[in-house]
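First comes the structure, then the notes that go with it.
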Amino acid sequence: MNPGLAFARSRNLPRAAAGALVVALATSLFAGTRVDIPDFRYLVDYGIPVAAVAPVAHAVVLGSTLHSPMADLEHTAAQPMALIRRLHLLALTLLAAGLSALPLLFGLSADVAAASVRNAVGYLGLAGISARFFGSGLAWLLPLGTFGPTLLLGVAPDNTPEWWAWSIHAPSAAGALTTAVLLWLAALLLPTAPPRPDDRAEA
């Protein structure tokens, strides 16, 4: 079997890609819909397009493929697994970016699509960081853990996003793009952690 195909199958990448495609198609159906942000501190009227929210789902679904059922064996492999894992993250990012741009075919504006791609990059970076520090089975923890506070606390009293709520900033916000890229680069360059007990094949 081709090594790349074996690597993808061992992480259920085909199934995760199919799930992410379903998310992208559902997003395309609601391309013009906005999600109201229920900020808990202020009476604000701020909404973001569904397409800008969907990358969180992409990161959770595709981030699940960062988990290996044979992590202990991979850490003793003769092949440079660190390089393969980085290529894996790159492939996931390209897939998520492409799926985030898919609603363009259904009338989504280019600006919103750009924000969606930016968020896909940033949230996949968070998934990679989460996998490094909390174990590959918890790659979803940081994407969901940061998205919740962004929705509930991310809007200032003047009805603009807080500086730290990068994923709900306008597509033209350079700071938000910089944050997303830095998160992704951090995930790419972090050294590989030793296998945790819950990552081992016996589990």
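How things are named: the first chain in the structure tokens is A, the next is B, and so on; residues count from 1 in each chain; ligands count from 1 in the order shown.
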
- request: Please provide the set of residues having any atom within 12 Å of A:Asn12, restricted to only C-alpha atoms, with same-chain residues fewer than 6 positions apart removed, written as a list in words.
  value: Leu5, Ala6, Ala18, Gly19, Val61, Leu62, Gly63, Ser64, Thr65, Leu66, His67, Ser68 and Pro69 of chain A

message: I'd like to know which residues of stretch 2-198 of chain A are helix (DSSP H, G or I) (by DSSP, run on the backbone); could you write them as a PyMOL selection string?
response: chain A and resi 3-10+13-29+50-66+71-74+81-106+110-134+136-138+141-153+166-168+174-189+197-198

query: Using only C-alpha atoms, which residue out of A:Ala165, A:Val56, A:Val121, A:Leu142 lies closest to A:Ala97?
result: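 Nearest to A:Ala97: A:Val121.
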
message: Which residue is closest to A:Ser109? Choose from A:Ala173, A:Ala31, A:Leu95, A:Val60 and count only C-alpha atoms.
response: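 Under the stated criterion, the closest residue is A:Ala31.
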
task: Rounded to one decimal place, report the atom CA of A:Ala54-atom CA of A:Thr27 distance in Å.
output: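 Going from atom CA of A:Ala54 over to atom CA of A:Thr27, I get 6.8 Å.
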
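Counting only C-alpha atoms and comparing A:Arg15, A:His169, A:Arg9, A:Arg34, the residue that lies closest to A:Ala114 is A:His169.
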
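Coordinates place atom CA of A:Ala59 at a distance of 21.6 Å from atom CA of A:Leu105.
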